[in-house]
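Below is the file upload18.pdb, which contains PDB, C-alpha atoms.
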```
ATOM      1  CA  MET A   1      13.084 -20.962  -1.159
ATOM      2  CA  GLU A   2      12.152 -21.749   2.452
ATOM      3  CA  VAL A   3      12.208 -18.036   3.368
ATOM      4  CA  LEU A   4       9.837 -17.161   0.525
ATOM      5  CA  LYS A   5       7.463 -19.979   1.409
ATOM      6  CA  ASN A   6       7.389 -18.794   5.005
ATOM      7  CA  MET A   7       6.683 -15.224   3.853
ATOM      8  CA  GLU A   8       3.690 -16.420   1.824
ATOM      9  CA  GLU A   9       2.194 -17.977   4.940
ATOM     10  CA  LEU A  10       2.563 -14.899   7.169
ATOM     11  CA  PRO A  11      -0.398 -12.576   7.751
ATOM     12  CA  ASP A  12      -0.085  -8.949   6.640
ATOM     13  CA  ASP A  13       0.575  -7.684  10.182
ATOM     14  CA  SER A  14       3.591  -9.951  10.545
ATOM     15  CA  LEU A  15       4.910  -8.987   7.127
ATOM     16  CA  VAL A  16       4.529  -5.297   7.984
ATOM     17  CA  HIS A  17       6.406  -5.863  11.245
ATOM     18  CA  GLU A  18       9.218  -7.660   9.402
ATOM     19  CA  ALA A  19       9.331  -5.027   6.664
ATOM     20  CA  LYS A  20       9.604  -2.298   9.295
ATOM     21  CA  ARG A  21      12.580  -4.199  10.706
ATOM     22  CA  GLY A  22      14.224  -4.016   7.287
ATOM     23  CA  SER A  23      13.221  -7.255   5.578
ATOM     24  CA  PRO A  24      13.028  -6.645   1.806
ATOM     25  CA  ASP A  25      11.454 -10.101   1.379
ATOM     26  CA  ALA A  26       8.567  -9.159   3.668
ATOM     27  CA  PHE A  27       7.826  -5.967   1.752
ATOM     28  CA  ALA A  28       8.205  -7.816  -1.566
ATOM     29  CA  GLU A  29       5.552 -10.289  -0.386
ATOM     30  CA  LEU A  30       3.192  -7.417   0.492
ATOM     31  CA  VAL A  31       3.745  -5.964  -2.981
ATOM     32  CA  ARG A  32       3.088  -9.355  -4.563
ATOM     33  CA  ARG A  33      -0.169  -9.736  -2.621
ATOM     34  CA  TYR A  34      -1.575  -6.351  -3.536
ATOM     35  CA  GLN A  35      -0.028  -5.286  -6.832
ATOM     36  CA  LYS A  36      -2.974  -6.477  -8.948
ATOM     37  CA  LYS A  37      -5.551  -4.754  -6.737
ATOM     38  CA  VAL A  38      -3.549  -1.534  -6.615
ATOM     39  CA  TYR A  39      -3.058  -1.630 -10.390
ATOM     40  CA  SER A  40      -6.755  -2.257 -10.969
ATOM     41  CA  THR A  41      -7.756   0.606  -8.693
ATOM     42  CA  ILE A  42      -5.409   3.072 -10.347
ATOM     43  CA  PHE A  43      -6.390   1.939 -13.850
ATOM     44  CA  GLN A  44     -10.042   2.692 -13.062
ATOM     45  CA  PHE A  45      -8.993   6.327 -12.620
ATOM     46  CA  THR A  46      -6.484   6.695 -15.452
ATOM     47  CA  GLY A  47      -7.656   4.259 -18.137
ATOM     48  CA  ASN A  48      -4.058   4.309 -19.313
ATOM     49  CA  HIS A  49      -1.580   1.475 -18.756
ATOM     50  CA  HIS A  50       1.501   3.689 -18.956
ATOM     51  CA  ASP A  51       0.246   6.111 -16.291
ATOM     52  CA  THR A  52      -1.059   3.215 -14.210
ATOM     53  CA  ASP A  53       2.328   1.477 -14.275
ATOM     54  CA  ASP A  54       4.053   4.651 -13.108
ATOM     55  CA  LEU A  55       1.473   5.391 -10.419
ATOM     56  CA  ALA A  56       1.480   1.821  -9.094
ATOM     57  CA  GLN A  57       5.248   1.947  -8.783
ATOM     58  CA  GLU A  58       5.015   5.340  -7.080
ATOM     59  CA  THR A  59       2.366   3.973  -4.719
ATOM     60  CA  PHE A  60       4.603   1.139  -3.556
ATOM     61  CA  MET A  61       7.608   3.457  -3.262
ATOM     62  CA  ASN A  62       5.538   5.862  -1.150
ATOM     63  CA  ALA A  63       4.309   2.959   0.974
ATOM     64  CA  TYR A  64       7.847   1.718   1.517
ATOM     65  CA  LYS A  65       9.072   5.184   2.524
ATOM     66  CA  SER A  66       6.078   5.701   4.832
ATOM     67  CA  LEU A  67       6.163   2.240   6.384
ATOM     68  CA  PRO A  68       7.928   3.410   9.570
ATOM     69  CA  LYS A  69       5.029   5.845  10.159
ATOM     70  CA  PHE A  70       2.354   3.171   9.654
ATOM     71  CA  ARG A  71       0.784   2.617  13.094
ATOM     72  CA  GLN A  72      -1.331  -0.352  12.048
ATOM     73  CA  LYS A  73      -4.568   1.180  13.332
ATOM     74  CA  ALA A  74      -6.025   0.306   9.924
ATOM     75  CA  ASN A  75      -5.129  -2.861   8.092
ATOM     76  CA  PHE A  76      -2.268  -2.688   5.606
ATOM     77  CA  TYR A  77      -4.526  -3.094   2.590
ATOM     78  CA  THR A  78      -6.674  -0.080   3.545
ATOM     79  CA  TRP A  79      -3.570   2.007   4.228
ATOM     80  CA  LEU A  80      -2.073   1.001   0.879
ATOM     81  CA  TYR A  81      -5.369   1.761  -0.906
ATOM     82  CA  ARG A  82      -5.308   5.240   0.625
ATOM     83  CA  ILE A  83      -1.783   5.804  -0.694
ATOM     84  CA  ALA A  84      -2.797   4.562  -4.158
ATOM     85  CA  VAL A  85      -5.872   6.791  -4.299
ATOM     86  CA  ASN A  86      -4.020   9.856  -2.976
ATOM     87  CA  THR A  87      -1.128   9.341  -5.390
ATOM     88  CA  THR A  88      -3.548   8.957  -8.297
ATOM     89  CA  MET A  89      -5.706  11.904  -7.271
ATOM     90  CA  ASN A  90      -2.639  14.152  -7.017
ATOM     91  CA  PHE A  91      -1.556  13.016 -10.481
ATOM     92  CA  LEU A  92      -5.022  13.660 -11.933
ATOM     93  CA  ARG A  93      -5.248  17.101 -10.310
ATOM     94  CA  LYS A  94      -1.914  18.048 -11.833
ATOM     95  CA  LYS A  95      -2.956  16.623 -15.200
ATOM     96  CA  HIS A  96      -6.266  18.500 -15.094
ATOM     97  CA  ARG A  97      -4.534  21.765 -14.211
ATOM     98  CA  GLU A  98      -2.128  21.303 -17.091
ATOM     99  CA  LYS A  99      -4.918  20.657 -19.579
ATOM    100  CA  GLY A 100      -7.079  23.455 -18.278
ATOM    101  CA  ARG A 101     -10.381  22.770 -16.596
ATOM    102  CA  GLU A 102     -12.558  24.045 -19.414
ATOM    103  CA  GLU A 103     -10.812  22.017 -22.091
ATOM    104  CA  PHE A 104     -10.958  18.909 -19.915
ATOM    105  CA  ALA A 105     -14.671  19.284 -19.202
ATOM    106  CA  GLU A 106     -15.510  19.829 -22.881
ATOM    107  CA  ASN A 107     -13.565  16.751 -23.961
ATOM    108  CA  GLN A 108     -15.186  14.530 -21.370
ATOM    109  CA  LEU A 109     -18.845  15.250 -22.011
ATOM    110  CA  PRO A 110     -20.680  12.423 -23.745
ATOM    111  CA  SER A 111     -22.522  13.261 -26.929
ATOM    112  CA  GLY A 112     -24.971  11.594 -29.232
ATOM    113  CA  GLU A 113     -27.712   9.106 -28.565
ATOM    114  CA  ALA A 114     -27.735   5.358 -28.760
ATOM    115  CA  LYS A 115     -30.406   2.760 -28.279
ATOM    116  CA  PHE A 116     -29.455  -0.845 -27.758
ATOM    117  CA  SER A 117     -30.511  -3.051 -30.620
ATOM    118  CA  SER A 118     -31.359  -6.702 -30.332
ATOM    119  CA  SER A 119     -29.030  -7.666 -33.205
ATOM    120  CA  SER A 120     -25.719  -8.894 -31.911
ATOM    121  CA  PRO A 121     -23.187  -6.767 -33.881
ATOM    122  CA  GLU A 122     -25.142  -3.556 -33.296
ATOM    123  CA  TYR A 123     -25.693  -4.411 -29.663
ATOM    124  CA  GLN A 124     -21.979  -5.097 -29.135
ATOM    125  CA  SER A 125     -21.053  -1.849 -30.868
ATOM    126  CA  GLN A 126     -23.524   0.168 -28.829
ATOM    127  CA  LYS A 127     -22.478  -1.605 -25.638
ATOM    128  CA  LYS A 128     -18.862  -0.676 -26.360
ATOM    129  CA  GLU A 129     -19.859   2.925 -27.079
ATOM    130  CA  PHE A 130     -21.838   3.091 -23.843
ATOM    131  CA  LYS A 131     -18.875   1.775 -21.841
ATOM    132  CA  GLU A 132     -16.683   4.456 -23.397
ATOM    133  CA  LYS A 133     -19.230   7.154 -22.580
ATOM    134  CA  LEU A 134     -19.572   5.823 -19.040
ATOM    135  CA  LYS A 135     -15.789   5.983 -18.616
ATOM    136  CA  GLU A 136     -15.777   9.550 -19.964
ATOM    137  CA  ALA A 137     -18.630  10.523 -17.638
ATOM    138  CA  VAL A 138     -16.909   8.988 -14.595
ATOM    139  CA  ASP A 139     -13.664  10.735 -15.566
ATOM    140  CA  SER A 140     -15.490  14.068 -15.712
ATOM    141  CA  LEU A 141     -16.822  13.777 -12.154
ATOM    142  CA  PRO A 142     -15.254  16.058  -9.554
ATOM    143  CA  LEU A 143     -12.288  14.129  -8.149
ATOM    144  CA  ALA A 144     -13.842  13.497  -4.725
ATOM    145  CA  TYR A 145     -16.932  11.967  -6.353
ATOM    146  CA  GLN A 146     -14.828  10.068  -8.857
ATOM    147  CA  ALA A 147     -12.683   8.521  -6.115
ATOM    148  CA  THR A 148     -15.745   7.509  -4.131
ATOM    149  CA  PHE A 149     -17.523   6.077  -7.173
ATOM    150  CA  VAL A 150     -14.503   4.082  -8.356
ATOM    151  CA  LEU A 151     -13.843   2.589  -4.925
ATOM    152  CA  ILE A 152     -17.437   1.514  -4.424
ATOM    153  CA  ALA A 153     -18.716   0.731  -7.926
ATOM    154  CA  TYR A 154     -15.572  -0.706  -9.484
ATOM    155  CA  GLN A 155     -13.532  -1.934  -6.531
ATOM    156  CA  ASP A 156     -16.502  -3.244  -4.498
ATOM    157  CA  LEU A 157     -15.480  -1.536  -1.268
ATOM    158  CA  THR A 158     -18.170  -0.965   1.311
ATOM    159  CA  HIS A 159     -19.065   2.588   2.296
ATOM    160  CA  SER A 160     -17.180   2.012   5.543
ATOM    161  CA  GLN A 161     -14.031   0.850   3.746
ATOM    162  CA  ALA A 162     -14.207   3.717   1.260
ATOM    163  CA  ALA A 163     -14.610   6.177   4.138
ATOM    164  CA  GLU A 164     -11.482   4.784   5.741
ATOM    165  CA  VAL A 165      -9.512   5.030   2.481
ATOM    166  CA  LEU A 166     -10.757   8.557   1.748
ATOM    167  CA  ARG A 167     -10.510   9.679   5.387
ATOM    168  CA  CYS A 168     -14.049  10.930   5.623
ATOM    169  CA  SER A 169     -17.277   9.782   7.256
ATOM    170  CA  GLU A 170     -19.564   7.097   5.859
ATOM    171  CA  LYS A 171     -22.245   9.764   5.494
ATOM    172  CA  THR A 172     -19.900  11.764   3.279
ATOM    173  CA  VAL A 173     -19.247   8.669   1.176
ATOM    174  CA  SER A 174     -22.984   8.017   0.848
ATOM    175  CA  TRP A 175     -23.627  11.639  -0.105
ATOM    176  CA  ARG A 176     -20.823  11.615  -2.697
ATOM    177  CA  MET A 177     -22.162   8.376  -4.203
ATOM    178  CA  HIS A 178     -25.635   9.877  -4.397
ATOM    179  CA  LYS A 179     -24.308  13.008  -6.115
ATOM    180  CA  ALA A 180     -22.057  10.986  -8.448
ATOM    181  CA  ARG A 181     -24.977   8.802  -9.517
ATOM    182  CA  LYS A 182     -27.148  11.867 -10.175
ATOM    183  CA  ILE A 183     -24.422  13.475 -12.298
ATOM    184  CA  LEU A 184     -23.808  10.242 -14.213
ATOM    185  CA  GLN A 185     -27.530   9.709 -14.718
ATOM    186  CA  ASN A 186     -27.870  13.196 -16.209
ATOM    187  CA  LYS A 187     -24.867  12.765 -18.496
ATOM    188  CA  LEU A 188     -25.858   9.274 -19.641
ATOM    189  CA  ASN A 189     -29.598   9.900 -19.879
ATOM    190  CA  PRO A 190     -29.585   9.757 -23.714
ATOM    191  CA  TYR A 191     -28.501   6.100 -23.474
ATOM    192  CA  PHE A 192     -31.442   4.981 -21.390
TER     193      PHE A 192
END
```

Could you render the structure as structure tokens?
Amino acid sequence: MEVLKNMEELPDDSLVHEAKRGSPDAFAELVRRYQKKVYSTIFQFTGNHHDTDDLAQETFMNAYKSLPKFRQKANFYTWLYRIAVNTTMNFLRKKHREKGREEFAENQLPSGEAKFSSSSPEYQSQKKEFKEKLKEAVDSLPLAYQATFVLIAYQDLTHSQAAEVLRCSEKTVSWRMHKARKILQNKLNPYF
């Protein structure tokens, strides 16, 4: 119990150092600290608990295998985020290829119009429908835009943090967010 308590008190850098030296307790503590955030990030892309479970597990396995290569130039959380996003993006690319791009695009386009009503049951129903259409519209974004949008809009990363995770410049992140918003605005225009 004393070892676990000590692990909880260590900063990430120390845990990474200990994990690199072979401490399973140190890596387990890093997993404990970040499993909810990693899960949440992946779920924003997949919208599916089964796929998210698998991808989160794969993310941590990839992180564990790559730990000796981690140079600690970035903080552990950013590095782990990058692994989670890359793992998820690779999965989605494969899934999209398997479905066929045309079929995927057709199934993701929002349809119909809705106007929010002031009555509570109607409003709740329309709010739910809008959230579903928003999810579909975000899912239909090109993967680079989708990754950028999810990290910033849903995960509350700054443009700088997202650039570090995505390994691109802040200007690229800003441009992708601008384009993603334009695409989403066009697809969701009937709801406004």

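When all atoms listed in the file are used to measure the gap to A:Asn48, the shortest distance among A:His96, A:Glu18, A:Phe70, A:Lys135 belongs to A:Lys135.
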
Suppose a student applies the PyMOL selection byres ((chain A and resi 54) around 12) to this structure; what residues should they get, written as a PDB file with C-alpha atoms, in the frame of the given file?
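The resulting file, selection21.pdb, is shown below:
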```
ATOM      1  CA  VAL A  38      -3.549  -1.534  -6.615  1.00  0.00           C
ATOM      2  CA  TYR A  39      -3.058  -1.630 -10.390  1.00  0.00           C
ATOM      3  CA  ILE A  42      -5.409   3.072 -10.347  1.00  0.00           C
ATOM      4  CA  PHE A  43      -6.390   1.939 -13.850  1.00  0.00           C
ATOM      5  CA  THR A  46      -6.484   6.695 -15.452  1.00  0.00           C
ATOM      6  CA  ASN A  48      -4.058   4.309 -19.313  1.00  0.00           C
ATOM      7  CA  HIS A  49      -1.580   1.475 -18.756  1.00  0.00           C
ATOM      8  CA  HIS A  50       1.501   3.689 -18.956  1.00  0.00           C
ATOM      9  CA  ASP A  51       0.246   6.111 -16.291  1.00  0.00           C
ATOM     10  CA  THR A  52      -1.059   3.215 -14.210  1.00  0.00           C
ATOM     11  CA  ASP A  53       2.328   1.477 -14.275  1.00  0.00           C
ATOM     12  CA  LEU A  55       1.473   5.391 -10.419  1.00  0.00           C
ATOM     13  CA  ALA A  56       1.480   1.821  -9.094  1.00  0.00           C
ATOM     14  CA  GLN A  57       5.248   1.947  -8.783  1.00  0.00           C
ATOM     15  CA  GLU A  58       5.015   5.340  -7.080  1.00  0.00           C
ATOM     16  CA  THR A  59       2.366   3.973  -4.719  1.00  0.00           C
ATOM     17  CA  PHE A  60       4.603   1.139  -3.556  1.00  0.00           C
ATOM     18  CA  MET A  61       7.608   3.457  -3.262  1.00  0.00           C
ATOM     19  CA  ALA A  84      -2.797   4.562  -4.158  1.00  0.00           C
ATOM     20  CA  THR A  87      -1.128   9.341  -5.390  1.00  0.00           C
ATOM     21  CA  THR A  88      -3.548   8.957  -8.297  1.00  0.00           C
ATOM     22  CA  PHE A  91      -1.556  13.016 -10.481  1.00  0.00           C
TER      23      PHE A  91
END
```

| task | Rounded to one decimal place, report the atom CA of A:Lys187-atom CA of A:Leu141 distance in Å. | result |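 About the pair atom CA of A:Lys187 and atom CA of A:Leu141: they are 10.3 Å apart.
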
Starting from the PyMOL selection byres ((chain A and resi 145) around 12), expand the selection into actual residues of this file and give them as a PyMOL selection string.
chain A and resi 45+89+137-144+146-153+162+166+172-184

Any idea what's packed within 9 Å of A:Leu80, counting all atoms listed in the file, ignoring anything in its chain fewer than 2 positions away? Could you give it as a list of chain:residue names?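 Non-adjacent residues within range: A:Tyr34, A:Val38, A:Thr59, A:Phe60, A:Ala63, A:Asn75, A:Phe76, A:Tyr77, A:Thr78, A:Arg82, A:Ile83, A:Ala84, A:Val85, A:Val165.
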
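Checking A:Arg21, A:Gln35, A:Leu134, A:Cys168 one by one against A:Leu188, counting all atoms listed in the file, you find the shortest gap at A:Leu134.
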
re atom CA of A:Phe130 and atom CA of A:Gln185: distance 12.6 Å

Residue among A:Arg32, A:His159, A:Lys128, A:Lys20 lying closest to A:Ser66, counting only C-alpha atoms: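 Answer, going by the shortest atom-to-atom distance: A:Lys20.
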
At a cut-off of 10 Å, using all atoms listed in the file, what residues contact A:Gln72? Leave out same-chain residues fewer than 3 positions from it and give the result as a ChimeraX atom specification.
/A:13,16-17,67,69,75-76,79

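The smallest atom-to-atom distance between A:Ala26 and any of A:Asn6, A:Ser125, A:Asn62, A:Asn189, using all atoms listed in the file, is found for A:Asn6.
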
Could you write out as JSON the box around stretch 173-178 of chain A (axis-aligned, all atoms listed in the file, 8 Å on each side), with centre and edge lengths in Å to one decimal?
```
{"center_x": -22.4, "center_y": 9.8, "center_z": -1.6, "size_x": 22.4, "size_y": 19.6, "size_z": 21.6}
```

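Take atom CA of A:Ser160 and atom CA of A:Ala74: the distance between them is 12.1 Å.
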